[in-house]
$ cat upload_1.json   # JSON, C-alpha atoms and all ligand atoms
[["chain", "number", "residue", "atom", "x", "y", "z"],
["Y", 1, "MET", "CA", 120.45, -55.54, 58.86],
["Y", 2, "GLN", "CA", 123.19, -57.55, 57.16],
["Y", 3, "THR", "CA", 125.95, -56.17, 54.97],
["Y", 4, "ILE", "CA", 127.18, -58.61, 52.33],
["Y", 5, "THR", "CA", 130.15, -58.12, 50.02],
["Y", 6, "SER", "CA", 130.41, -61.57, 48.41],
["Y", 7, "VAL", "CA", 128.42, -62.47, 45.28],
["Y", 8, "LEU", "CA", 128.16, -66.12, 46.32],
["Y", 9, "GLU", "CA", 126.98, -65.28, 49.83],
["Y", 10, "MET", "CA", 124.34, -62.93, 48.41],
["Y", 11, "GLN", "CA", 123.16, -65.59, 45.94],
["Y", 12, "ILE", "CA", 122.86, -68.25, 48.64],
["Y", 13, "LEU", "CA", 120.94, -65.90, 50.91],
["Y", 14, "ALA", "CA", 118.64, -64.80, 48.07],
["Y", 15, "GLU", "CA", 117.90, -68.43, 47.15],
["Y", 16, "ASP", "CA", 117.11, -69.20, 50.79],
["Y", 17, "LEU", "CA", 114.74, -66.21, 51.04],
["Y", 18, "ARG", "CA", 113.02, -67.16, 47.78],
["Y", 19, "SER", "CA", 112.56, -70.75, 48.90],
["Y", 20, "LYS", "CA", 110.80, -69.42, 52.00],
["Y", 21, "GLY", "CA", 108.41, -67.48, 49.75],
["Y", 22, "GLN", "CA", 109.81, -64.06, 50.60],
["Y", 23, "ILE", "CA", 109.23, -61.29, 48.04],
["Y", 24, "ILE", "CA", 112.60, -59.63, 47.40],
["Y", 25, "GLY", "CA", 112.78, -55.94, 46.47],
["Y", 26, "LEU", "CA", 116.05, -54.54, 45.11],
["Y", 27, "VAL", "CA", 117.13, -50.88, 45.08],
["Y", 28, "PRO", "CA", 120.30, -50.52, 43.00],
["Y", 29, "THR", "CA", 122.42, -47.48, 43.94],
["Y", 30, "MET", "CA", 125.92, -46.12, 43.66],
["Y", 31, "GLY", "CA", 125.85, -44.97, 47.29],
["Y", 32, "ALA", "CA", 126.26, -41.37, 48.52],
["Y", 33, "LEU", "CA", 122.68, -41.92, 49.59],
["Y", 34, "HIS", "CA", 120.21, -39.05, 49.93],
["Y", 35, "GLU", "CA", 116.47, -38.68, 50.54],
["Y", 36, "GLY", "CA", 115.76, -39.64, 46.92],
["Y", 37, "HIS", "CA", 117.31, -43.05, 47.50],
["Y", 38, "VAL", "CA", 115.40, -43.38, 50.78],
["Y", 39, "SER", "CA", 112.12, -42.79, 48.93],
["Y", 40, "LEU", "CA", 113.02, -45.72, 46.63],
["Y", 41, "ILE", "CA", 113.73, -47.89, 49.68],
["Y", 42, "LYS", "CA", 110.34, -46.95, 51.19],
["Y", 43, "LEU", "CA", 108.59, -47.84, 47.95],
["Y", 44, "ALA", "CA", 110.39, -51.21, 47.82],
["Y", 45, "ALA", "CA", 109.41, -51.91, 51.44],
["Y", 46, "GLU", "CA", 105.74, -51.35, 50.61],
["Y", 47, "GLN", "CA", 105.84, -54.18, 48.08],
["Y", 48, "ALA", "CA", 108.52, -56.57, 49.32],
["Y", 49, "ASP", "CA", 109.18, -58.70, 52.41],
["Y", 50, "THR", "CA", 112.93, -58.27, 52.13],
["Y", 51, "VAL", "CA", 114.58, -55.09, 50.86],
["Y", 52, "VAL", "CA", 118.08, -55.33, 49.41],
["Y", 53, "VAL", "CA", 119.99, -52.12, 48.64],
["Y", 54, "SER", "CA", 123.04, -52.55, 46.45],
["Y", 55, "ILE", "CA", 125.80, -49.99, 46.85],
["Y", 56, "PHE", "CA", 128.29, -50.21, 44.01],
["Y", 57, "VAL", "CA", 130.04, -47.45, 42.12],
["Y", 58, "ASN", "CA", 130.00, -49.27, 38.81],
["Y", 59, "PRO", "CA", 133.23, -48.59, 36.89],
["Y", 60, "THR", "CA", 131.87, -49.76, 33.51],
["Y", 61, "GLN", "CA", 129.23, -47.03, 33.33],
["Y", 62, "PHE", "CA", 131.80, -44.22, 33.51],
["Y", 63, "GLY", "CA", 133.69, -43.05, 30.44],
["Y", 64, "PRO", "CA", 137.46, -42.55, 30.64],
["Y", 65, "SER", "CA", 137.16, -38.78, 31.22],
["Y", 66, "GLU", "CA", 134.26, -39.00, 33.68],
["Y", 67, "ASP", "CA", 134.13, -38.70, 37.47],
["Y", 68, "PHE", "CA", 134.53, -42.39, 38.48],
["Y", 69, "SER", "CA", 137.55, -41.84, 40.72],
["Y", 70, "LYS", "CA", 136.10, -38.78, 42.42],
["Y", 71, "TYR", "CA", 132.50, -40.03, 42.62],
["Y", 72, "PRO", "CA", 131.46, -39.57, 46.29],
["Y", 73, "ARG", "CA", 131.95, -42.72, 48.37],
["Y", 74, "SER", "CA", 130.56, -42.85, 51.90],
["Y", 75, "LEU", "CA", 129.85, -46.50, 52.71],
["Y", 76, "GLU", "CA", 129.71, -46.09, 56.48],
["Y", 77, "ALA", "CA", 127.18, -43.24, 56.30],
["Y", 78, "ASP", "CA", 125.23, -45.11, 53.59],
["Y", 79, "VAL", "CA", 124.96, -48.23, 55.77],
["Y", 80, "ALA", "CA", 123.59, -46.04, 58.58],
["Y", 81, "VAL", "CA", 121.02, -44.50, 56.20],
["Y", 82, "CYS", "CA", 119.94, -48.00, 55.11],
["Y", 83, "GLU", "CA", 119.68, -49.21, 58.69],
["Y", 84, "ALA", "CA", 117.51, -46.20, 59.64],
["Y", 85, "ALA", "CA", 115.31, -46.75, 56.57],
["Y", 86, "GLY", "CA", 114.60, -50.36, 57.58],
["Y", 87, "VAL", "CA", 116.66, -52.07, 54.86],
["Y", 88, "ASP", "CA", 117.23, -55.81, 55.44],
["Y", 89, "ILE", "CA", 120.37, -56.39, 53.38],
["Y", 90, "VAL", "CA", 123.04, -54.06, 52.01],
["Y", 91, "PHE", "CA", 124.94, -55.66, 49.14],
["Y", 92, "ALA", "CA", 128.21, -53.77, 48.72],
["Y", 93, "PRO", "CA", 130.64, -55.78, 46.59],
["Y", 94, "THR", "CA", 134.06, -54.64, 45.45],
["Y", 95, "ALA", "CA", 134.77, -53.95, 41.77],
["Y", 96, "GLU", "CA", 136.93, -57.11, 41.65],
["Y", 97, "GLU", "CA", 134.03, -59.18, 42.96],
["Y", 98, "ILE", "CA", 131.73, -57.97, 40.16],
["Y", 99, "TYR", "CA", 134.35, -57.75, 37.41],
["Y", 100, "PRO", "CA", 137.04, -60.33, 38.17],
["Y", 101, "LYS", "CA", 140.24, -60.32, 36.12],
["Y", 102, "GLY", "CA", 139.50, -61.36, 32.55],
["Y", 103, "TYR", "CA", 135.83, -60.32, 32.70],
["Y", 104, "SER", "CA", 134.47, -59.95, 29.14],
["Y", 105, "THR", "CA", 130.66, -60.19, 28.92],
["Y", 106, "PHE", "CA", 128.41, -57.14, 28.50],
["Y", 107, "VAL", "CA", 124.69, -56.53, 28.07],
["Y", 108, "VAL", "CA", 123.85, -53.87, 25.47],
["Y", 109, "GLU", "CA", 120.47, -52.33, 24.68],
["Y", 110, "GLU", "CA", 120.89, -50.93, 21.19],
["Y", 111, "PHE", "CA", 118.02, -48.52, 20.55],
["Y", 112, "ILE", "CA", 116.74, -46.60, 23.57],
["Y", 113, "ALA", "CA", 120.27, -46.23, 24.91],
["Y", 114, "LYS", "CA", 121.54, -44.47, 21.76],
["Y", 115, "PRO", "CA", 120.23, -40.84, 21.95],
["Y", 116, "LEU", "CA", 120.58, -38.21, 24.70],
["Y", 117, "GLU", "CA", 122.85, -39.62, 27.45],
["Y", 118, "GLY", "CA", 124.06, -42.20, 24.92],
["Y", 119, "VAL", "CA", 125.50, -39.46, 22.71],
["Y", 120, "SER", "CA", 127.62, -37.72, 25.32],
["Y", 121, "ARG", "CA", 128.25, -40.85, 27.43],
["Y", 122, "PRO", "CA", 128.68, -43.65, 24.83],
["Y", 123, "VAL", "CA", 129.61, -46.46, 27.27],
["Y", 124, "HIS", "CA", 127.23, -45.41, 30.03],
["Y", 125, "PHE", "CA", 124.18, -47.58, 29.40],
["Y", 126, "ARG", "CA", 126.28, -50.61, 28.43],
["Y", 127, "GLY", "CA", 127.68, -50.41, 31.95],
["Y", 128, "VAL", "CA", 124.25, -49.84, 33.49],
["Y", 129, "THR", "CA", 122.52, -52.74, 31.72],
["Y", 130, "THR", "CA", 125.46, -55.04, 32.45],
["Y", 131, "VAL", "CA", 125.54, -54.29, 36.16],
["Y", 132, "VAL", "CA", 121.76, -54.36, 36.56],
["Y", 133, "ALA", "CA", 121.56, -57.73, 34.77],
["Y", 134, "LYS", "CA", 124.26, -59.01, 37.11],
["Y", 135, "LEU", "CA", 122.44, -57.66, 40.17],
["Y", 136, "PHE", "CA", 119.24, -59.35, 38.99],
["Y", 137, "ASN", "CA", 121.15, -62.66, 38.73],
["Y", 138, "ILE", "CA", 122.80, -62.21, 42.12],
["Y", 139, "VAL", "CA", 119.85, -60.89, 44.18],
["Y", 140, "ARG", "CA", 117.06, -62.60, 42.18],
["Y", 141, "PRO", "CA", 114.58, -59.84, 43.06],
["Y", 142, "ASP", "CA", 110.86, -60.01, 42.40],
["Y", 143, "LEU", "CA", 110.85, -56.24, 41.97],
["Y", 144, "ALA", "CA", 113.46, -53.54, 41.51],
["Y", 145, "VAL", "CA", 112.93, -49.82, 42.09],
["Y", 146, "PHE", "CA", 114.44, -47.13, 39.85],
["Y", 147, "GLY", "CA", 114.02, -43.34, 39.95],
["Y", 148, "GLN", "CA", 112.24, -41.34, 37.26],
["Y", 149, "LYS", "CA", 115.10, -38.84, 37.81],
["Y", 150, "ASP", "CA", 117.00, -41.02, 35.32],
["Y", 151, "ALA", "CA", 114.20, -41.27, 32.75],
["Y", 152, "GLN", "CA", 116.30, -42.82, 29.99],
["Y", 153, "GLN", "CA", 117.75, -45.37, 32.42],
["Y", 154, "VAL", "CA", 114.21, -46.43, 33.36],
["Y", 155, "ALA", "CA", 113.28, -46.86, 29.69],
["Y", 156, "VAL", "CA", 116.47, -48.83, 28.93],
["Y", 157, "ILE", "CA", 116.06, -51.13, 31.95],
["Y", 158, "LYS", "CA", 112.39, -51.81, 31.14],
["Y", 159, "LYS", "CA", 113.42, -52.77, 27.59],
["Y", 160, "MET", "CA", 116.23, -55.01, 28.84],
["Y", 161, "VAL", "CA", 113.83, -56.76, 31.23],
["Y", 162, "GLU", "CA", 111.38, -57.33, 28.39],
["Y", 163, "ASP", "CA", 113.99, -58.38, 25.81],
["Y", 164, "LEU", "CA", 115.91, -60.74, 28.13],
["Y", 165, "HIS", "CA", 112.80, -62.23, 29.79],
["Y", 166, "PHE", "CA", 113.76, -61.20, 33.29],
["Y", 167, "THR", "CA", 110.88, -61.85, 35.66],
["Y", 168, "VAL", "CA", 111.58, -58.68, 37.62],
["Y", 169, "ASP", "CA", 108.86, -56.08, 38.07],
["Y", 170, "VAL", "CA", 110.37, -52.65, 37.38],
["Y", 171, "VAL", "CA", 108.88, -50.09, 39.78],
["Y", 172, "VAL", "CA", 109.44, -46.41, 39.02],
["Y", 173, "ALA", "CA", 109.66, -43.86, 41.83],
["Y", 174, "PRO", "CA", 108.96, -40.13, 41.34],
["Y", 175, "THR", "CA", 111.85, -37.66, 41.47],
["Y", 176, "LEU", "CA", 112.49, -36.26, 44.91],
["Y", 177, "ARG", "CA", 113.46, -32.59, 44.91],
["Y", 178, "GLU", "CA", 114.92, -30.06, 47.30],
["Y", 179, "PRO", "CA", 112.34, -27.47, 48.46],
["Y", 180, "ASP", "CA", 113.64, -25.06, 45.78],
["Y", 181, "GLY", "CA", 113.07, -27.63, 43.01],
["Y", 182, "LEU", "CA", 116.61, -28.94, 42.47],
["Y", 183, "ALA", "CA", 116.42, -32.69, 41.82],
["Y", 184, "MET", "CA", 118.27, -34.53, 44.57],
["Y", 185, "SER", "CA", 121.45, -36.11, 43.23],
["Y", 186, "SER", "CA", 124.68, -37.49, 44.65],
["Y", 187, "ARG", "CA", 126.46, -35.07, 42.30],
["Y", 188, "ASN", "CA", 124.81, -32.03, 43.95],
["Y", 189, "ARG", "CA", 127.47, -32.24, 46.62],
["Y", 190, "TYR", "CA", 130.01, -31.08, 44.02],
["Y", 191, "LEU", "CA", 128.12, -27.76, 43.65],
["Y", 192, "SER", "CA", 129.24, -24.56, 45.37],
["Y", 193, "ALA", "CA", 126.51, -22.29, 46.80],
["Y", 194, "THR", "CA", 126.63, -20.09, 43.67],
["Y", 195, "GLN", "CA", 126.60, -23.04, 41.27],
["Y", 196, "ARG", "CA", 123.69, -24.54, 43.15],
["Y", 197, "ILE", "CA", 121.63, -21.37, 42.63],
["Y", 198, "GLU", "CA", 122.50, -21.39, 38.91],
["Y", 199, "ALA", "CA", 121.54, -25.07, 38.68],
["Y", 200, "LEU", "CA", 117.96, -24.20, 39.65],
["Y", 201, "VAL", "CA", 117.34, -22.94, 36.12],
["Y", 202, "ILE", "CA", 117.18, -26.57, 34.93],
["Y", 203, "HIS", "CA", 114.04, -27.24, 36.92],
["Y", 204, "ARG", "CA", 112.67, -23.74, 36.18],
["Y", 205, "ALA", "CA", 112.95, -24.53, 32.46],
["Y", 206, "LEU", "CA", 111.07, -27.81, 32.97],
["Y", 207, "ARG", "CA", 108.37, -26.05, 35.02],
["Y", 208, "LYS", "CA", 108.02, -23.41, 32.32],
["Y", 209, "ALA", "CA", 107.38, -26.12, 29.72],
["Y", 210, "ILE", "CA", 104.76, -27.74, 31.98],
["Y", 211, "GLU", "CA", 103.04, -24.36, 32.41],
["Y", 212, "MET", "CA", 103.08, -23.72, 28.67],
["Y", 213, "VAL", "CA", 101.50, -27.12, 27.98],
["Y", 214, "ALA", "CA", 98.90, -26.45, 30.69],
["Y", 215, "SER", "CA", 97.97, -23.21, 28.96],
["Y", 216, "GLY", "CA", 97.55, -24.92, 25.60],
["Y", 217, "GLU", "CA", 100.97, -24.81, 23.91],
["Y", 218, "ARG", "CA", 101.67, -28.10, 22.13],
["Y", 219, "ARG", "CA", 104.42, -27.17, 19.64],
["Y", 220, "VAL", "CA", 107.65, -28.96, 20.50],
["Y", 221, "ASP", "CA", 109.85, -26.27, 18.91],
["Y", 222, "ARG", "CA", 108.24, -23.53, 21.03],
["Y", 223, "LEU", "CA", 108.58, -25.51, 24.25],
["Y", 224, "VAL", "CA", 112.22, -26.42, 23.57],
["Y", 225, "ALA", "CA", 113.07, -22.87, 22.45],
["Y", 226, "GLU", "CA", 111.71, -21.36, 25.67],
["Y", 227, "ALA", "CA", 113.55, -23.83, 27.90],
["Y", 228, "THR", "CA", 116.76, -23.32, 25.92],
["Y", 229, "HIS", "CA", 116.36, -19.55, 26.19],
["Y", 230, "LEU", "CA", 115.97, -19.68, 29.98],
["Y", 231, "ILE", "CA", 119.07, -21.85, 30.37],
["Y", 232, "GLY", "CA", 121.02, -19.56, 28.02],
["Y", 233, "LEU", "CA", 120.51, -16.66, 30.44],
["Y", 234, "HIS", "CA", 122.85, -18.36, 32.93],
["Y", 235, "ARG", "CA", 126.55, -17.90, 32.30],
["Y", 236, "ARG", "CA", 127.70, -20.91, 34.33],
["Y", 237, "VAL", "CA", 125.15, -23.30, 32.82],
["Y", 238, "ARG", "CA", 125.98, -24.92, 29.46],
["Y", 239, "MET", "CA", 123.20, -26.89, 27.85],
["Y", 240, "ILE", "CA", 124.10, -30.39, 26.64],
["Y", 241, "TYR", "CA", 120.60, -31.18, 25.40],
["Y", 242, "VAL", "CA", 117.03, -30.02, 25.85],
["Y", 243, "SER", "CA", 114.68, -32.42, 24.14],
["Y", 244, "ILE", "CA", 111.10, -33.63, 24.21],
["Y", 245, "VAL", "CA", 110.93, -37.38, 23.74],
["Y", 246, "ASP", "CA", 108.51, -40.26, 23.97],
["Y", 247, "ARG", "CA", 108.80, -41.48, 27.56],
["Y", 248, "THR", "CA", 108.97, -45.17, 26.55],
["Y", 249, "THR", "CA", 111.23, -45.09, 23.49],
["Y", 250, "MET", "CA", 113.20, -41.85, 24.08],
["Y", 251, "VAL", "CA", 112.59, -41.00, 20.42],
["Y", 252, "ALA", "CA", 112.38, -37.22, 19.82],
["Y", 253, "ILE", "CA", 108.83, -36.01, 19.29],
["Y", 254, "LYS", "CA", 108.30, -33.91, 16.19],
["Y", 255, "GLY", "CA", 105.49, -31.42, 15.80],
["Y", 256, "GLU", "CA", 103.18, -31.49, 18.78],
["Y", 257, "VAL", "CA", 103.21, -33.16, 22.19],
["Y", 258, "VAL", "CA", 100.44, -35.39, 23.45],
["Y", 259, "PRO", "CA", 100.25, -34.53, 27.16],
["Y", 260, "GLY", "CA", 101.21, -37.46, 29.42],
["Y", 261, "LYS", "CA", 103.23, -39.30, 26.76],
["Y", 262, "ALA", "CA", 106.09, -36.87, 26.34],
["Y", 263, "VAL", "CA", 108.93, -36.10, 28.68],
["Y", 264, "MET", "CA", 111.17, -33.06, 28.52],
["Y", 265, "VAL", "CA", 114.72, -34.14, 29.30],
["Y", 266, "ILE", "CA", 117.56, -31.76, 30.07],
["Y", 267, "ALA", "CA", 121.27, -32.30, 30.60],
["Y", 268, "ALA", "CA", 123.56, -29.40, 31.39],
["Y", 269, "TRP", "CA", 126.95, -28.60, 32.75],
["Y", 270, "VAL", "CA", 126.97, -26.25, 35.71],
["Y", 271, "ASP", "CA", 130.63, -25.33, 35.35],
["Y", 272, "GLU", "CA", 132.25, -28.79, 35.62],
["Y", 273, "VAL", "CA", 129.27, -30.58, 37.21],
["Y", 274, "ARG", "CA", 127.03, -32.53, 34.83],
["Y", 275, "LEU", "CA", 123.37, -32.60, 35.89],
["Y", 276, "ILE", "CA", 120.28, -34.19, 34.35],
["Y", 277, "ASP", "CA", 116.60, -33.71, 35.08],
["Y", 278, "ASN", "CA", 113.25, -34.30, 33.38],
["Y", 279, "GLU", "CA", 109.51, -33.81, 33.75],
["Y", 280, "VAL", "CA", 106.62, -35.51, 32.05],
["Y", 281, "LEU", "CA", 104.70, -32.89, 30.09],
["L", 301, "LIG", "P1", 122.38, -43.45, 41.77],
["L", 301, "LIG", "O1", 122.92, -43.87, 43.09],
["L", 301, "LIG", "O2", 122.52, -41.98, 41.52],
["L", 301, "LIG", "O3", 122.84, -44.31, 40.64],
["L", 301, "LIG", "O4", 120.81, -43.66, 41.86],
["L", 301, "LIG", "C1", 120.26, -44.86, 42.31],
["L", 301, "LIG", "C2", 118.78, -44.81, 42.05],
["L", 301, "LIG", "O5", 118.22, -43.69, 42.74],
["L", 301, "LIG", "C3", 118.43, -44.63, 40.57],
["L", 301, "LIG", "O6", 117.31, -45.45, 40.25],
["L", 301, "LIG", "C4", 118.08, -43.17, 40.49],
["L", 301, "LIG", "O7", 117.17, -42.86, 39.45],
["L", 301, "LIG", "C5", 117.44, -42.94, 41.84],
["L", 301, "LIG", "N1", 117.46, -41.52, 42.21],
["L", 301, "LIG", "C6", 118.52, -40.69, 42.16],
["L", 301, "LIG", "N2", 118.13, -39.44, 42.50],
["L", 301, "LIG", "C7", 116.81, -39.51, 42.77],
["L", 301, "LIG", "C8", 115.83, -38.53, 43.15],
["L", 301, "LIG", "N3", 116.13, -37.27, 43.35],
["L", 301, "LIG", "N4", 114.56, -38.95, 43.34],
["L", 301, "LIG", "C9", 114.23, -40.25, 43.14],
["L", 301, "LIG", "N5", 115.10, -41.20, 42.77],
["L", 301, "LIG", "C10", 116.37, -40.84, 42.57]]

$ encode --input "upload_1.json" --output "structure tokens" --more "lines below"
Ligand code: AMP
Amino acid sequence: MQTITSVLEMQILAEDLRSKGQIIGLVPTMGALHEGHVSLIKLAAEQADTVVVSIFVNPTQFGPSEDFSKYPRSLEADVAVCEAAGVDIVFAPTAEEIYPKGYSTFVVEEFIAKPLEGVSRPVHFRGVTTVVAKLFNIVRPDLAVFGQKDAQQVAVIKKMVEDLHFTVDVVVAPTLREPDGLAMSSRNRYLSATQRIEALVIHRALRKAIEMVASGERRVDRLVAEATHLIGLHRRVRMIYVSIVDRTTMVAIKGEVVPGKAVMVIAAWVDEVRLIDNEVL
């Protein structure tokens, strides 16, 4: 496995691999790798000859009051995880390498990125689309794997790929969960034991909605009300949003859900830790 930090070196290597007919699979991450990331790597390896994992805590996707400076960074451990998972190349540039002094170009998706995460994190997706477009230009992947855990991110990236004519196949991996249902996340390591138990209500609320749909409930207001009620029972958990949206456009569904097309998305603070999760209904 090679670890590369230079954009130019990564571009030269990617061009060389492409000229040899290698299929390149990219897994973009911010590091602090867990089993969820490993499942993305495995999925990439099934479809690609060369798997590139990027590890970059992207400053432009964090708002001024967000956790950029304290976001967990563990490059050495992450490199070991990649090596064990059979990754070929780790691309781990510095912030200066990606955003040199005077940097001023951004990629903005203007519709899907607006609601939900876009409301409470207004610069978030601008940072995500910018860095992912850059990674596509640097690594020149044939396919890139993203987690359904970040449902709105998947929808935004798919739209960017379509709108900007990228020839990258966007592969979506299912959400990996802890045995008790908590969606794996780098931010889970901020949770104390008590907060972690409280955080389980997010997935319980999603499961409840799935059960209600399975037993015939279709009314969006009923499904949202029940999930909101369950979350409200937990003192440490403050709901940011509970919404049922179209899984492709992220537009809120009114009236009744059509099973398979709708996704329930939840964001909540567990004390000072912001968590998101979702399930297709
Ligand atoms: P992050 O490092 O948190 O930015 O995540 C990098 C990629 O891993 C994104 O595509 C995420 O959606 C994905 N990911 C994060 N958590 C999980 C999970 N629990 N299961 C599957 N994919 C995940």

$ closest_atom_pairs --input "upload_1.json" --of "chain Y" --to "ligand LIG 301 (chain L)" --cutoff "10 Å" --atoms "all atoms listed in the file" --output "Markdown table"
| residue | atom | partner | partner_atom | distance |
| --- | --- | --- | --- | --- |
| Y:Val27 | CA | L:LIG301 | C2 | 7.0 |
| Y:Pro28 | CA | L:LIG301 | C1 | 5.7 |
| Y:Thr29 | CA | L:LIG301 | O1 | 3.7 |
| Y:Met30 | CA | L:LIG301 | O1 | 3.8 |
| Y:Gly31 | CA | L:LIG301 | O1 | 5.2 |
| Y:Ala32 | CA | L:LIG301 | O1 | 6.8 |
| Y:Leu33 | CA | L:LIG301 | O1 | 6.8 |
| Y:His34 | CA | L:LIG301 | N2 | 7.7 |
| Y:Glu35 | CA | L:LIG301 | N3 | 7.3 |
| Y:Gly36 | CA | L:LIG301 | N4 | 3.8 |
| Y:His37 | CA | L:LIG301 | O5 | 4.9 |
| Y:Val38 | CA | L:LIG301 | N5 | 8.3 |
| Y:Ser39 | CA | L:LIG301 | C9 | 6.7 |
| Y:Leu40 | CA | L:LIG301 | N5 | 6.3 |
| Y:Ile41 | CA | L:LIG301 | O5 | 9.3 |
| Y:Val53 | CA | L:LIG301 | C1 | 9.6 |
| Y:Ser54 | CA | L:LIG301 | C1 | 9.2 |
| Y:Ile55 | CA | L:LIG301 | O1 | 7.7 |
| Y:Phe56 | CA | L:LIG301 | O1 | 8.4 |
| Y:Val57 | CA | L:LIG301 | O3 | 8.0 |
| Y:Asn58 | CA | L:LIG301 | O3 | 8.9 |
| Y:Val128 | CA | L:LIG301 | O3 | 9.1 |
| Y:Ala144 | CA | L:LIG301 | O6 | 9.0 |
| Y:Val145 | CA | L:LIG301 | O6 | 6.5 |
| Y:Phe146 | CA | L:LIG301 | O6 | 3.3 |
| Y:Gly147 | CA | L:LIG301 | O7 | 3.2 |
| Y:Gln148 | CA | L:LIG301 | O7 | 5.6 |
| Y:Lys149 | CA | L:LIG301 | O7 | 4.8 |
| Y:Asp150 | CA | L:LIG301 | O7 | 4.5 |
| Y:Ala151 | CA | L:LIG301 | O7 | 7.5 |
| Y:Gln152 | CA | L:LIG301 | O7 | 9.5 |
| Y:Gln153 | CA | L:LIG301 | O7 | 7.5 |
| Y:Val154 | CA | L:LIG301 | O6 | 7.6 |
| Y:Val171 | CA | L:LIG301 | O6 | 9.6 |
| Y:Val172 | CA | L:LIG301 | O6 | 8.0 |
| Y:Ala173 | CA | L:LIG301 | C9 | 6.0 |
| Y:Pro174 | CA | L:LIG301 | C9 | 5.6 |
| Y:Thr175 | CA | L:LIG301 | N4 | 3.5 |
| Y:Leu176 | CA | L:LIG301 | N4 | 3.7 |
| Y:Arg177 | CA | L:LIG301 | N3 | 5.6 |
| Y:Glu178 | CA | L:LIG301 | N3 | 8.3 |
| Y:Leu182 | CA | L:LIG301 | N3 | 8.4 |
| Y:Ala183 | CA | L:LIG301 | N3 | 4.8 |
| Y:Met184 | CA | L:LIG301 | N3 | 3.7 |
| Y:Ser185 | CA | L:LIG301 | N2 | 4.8 |
| Y:Ser186 | CA | L:LIG301 | O2 | 5.9 |
| Y:Arg187 | CA | L:LIG301 | O2 | 8.0 |
| Y:Ile276 | CA | L:LIG301 | N2 | 9.9 |
| Y:Asp277 | CA | L:LIG301 | N3 | 9.0 |

$ closest_residue --input "upload_1.json" --among "Y:Leu143, Y:Ala227, Y:Ala85, Y:Val156" --to "Ala44 of chain Y" --atoms "all atoms listed in the file"
Y:Leu143

$ closest_atom_pairs --input "upload_1.json" --of "segment 122-231 of chain Y" --to "segment 4-8 of chain Y" --cutoff "10 Å" --atoms "only C-alpha atoms" --output "Markdown table"
| residue | atom | partner | partner_atom | distance |
| --- | --- | --- | --- | --- |
| Y:Lys134 | CA | Y:Val7 | CA | 9.8 |
| Y:Leu135 | CA | Y:Val7 | CA | 9.2 |
| Y:Asn137 | CA | Y:Val7 | CA | 9.8 |
| Y:Ile138 | CA | Y:Val7 | CA | 6.5 |
| Y:Val139 | CA | Y:Val7 | CA | 8.8 |

$ write_last_selection --input "upload_1.json" --atoms "C-alpha atoms" --output "compact mmCIF listing (two decimals), keeping the file's coordinate frame"
# COMPACT_ATOMS: atom_id res chain seq x y z
CA LYS Y 134 124.26 -59.01 37.11
CA LEU Y 135 122.44 -57.66 40.17
CA ASN Y 137 121.15 -62.66 38.73
CA ILE Y 138 122.80 -62.21 42.12
CA VAL Y 139 119.85 -60.89 44.18

$ residues_around --input "upload_1.json" --residues "Tyr190 of chain Y" --least-positions-apart "4" --cutoff "10 Å" --atoms "all atoms listed in the file" --output "JSON, numbers by chain"
{"Y": [70, 71, 72, 185, 186, 195, 196, 272, 273, 274]}

$ write_last_selection --input "upload_1.json" --atoms "C-alpha atoms" --output "PDB file, in the coordinates of the input"
ATOM      1  CA  LYS Y  70     136.100 -38.780  42.420  1.00  0.00           C
ATOM      2  CA  TYR Y  71     132.500 -40.030  42.620  1.00  0.00           C
ATOM      3  CA  PRO Y  72     131.460 -39.570  46.290  1.00  0.00           C
ATOM      4  CA  SER Y 185     121.450 -36.110  43.230  1.00  0.00           C
ATOM      5  CA  SER Y 186     124.680 -37.490  44.650  1.00  0.00           C
ATOM      6  CA  GLN Y 195     126.600 -23.040  41.270  1.00  0.00           C
ATOM      7  CA  ARG Y 196     123.690 -24.540  43.150  1.00  0.00           C
ATOM      8  CA  GLU Y 272     132.250 -28.790  35.620  1.00  0.00           C
ATOM      9  CA  VAL Y 273     129.270 -30.580  37.210  1.00  0.00           C
ATOM     10  CA  ARG Y 274     127.030 -32.530  34.830  1.00  0.00           C
TER      11      ARG Y 274
END

$ atom_distance --input "upload_1.json" --atom1 "atom CA of Gln2 of chain Y" --atom2 "atom CA of Ile89 of chain Y"
4.9 Å

$ atom_distance --input "upload_1.json" --atom1 "atom CA of Arg18 of chain Y" --atom2 "atom CA of Val79 of chain Y"
23.8 Å

$ closest_residue --input "upload_1.json" --among "Y:Val87, Y:Cys82, Y:Glu66, Y:Val170" --to "Val123 of chain Y" --atoms "only C-alpha atoms"
Y:Glu66

$ residues_around --input "upload_1.json" --residues "Gly86 of chain Y" --least-positions-apart "5" --cutoff "9 Å" --atoms "only C-alpha atoms" --output "list in words"
Met1, Ile41, Lys42, Ala45, Val51 and Val81 of chain Y
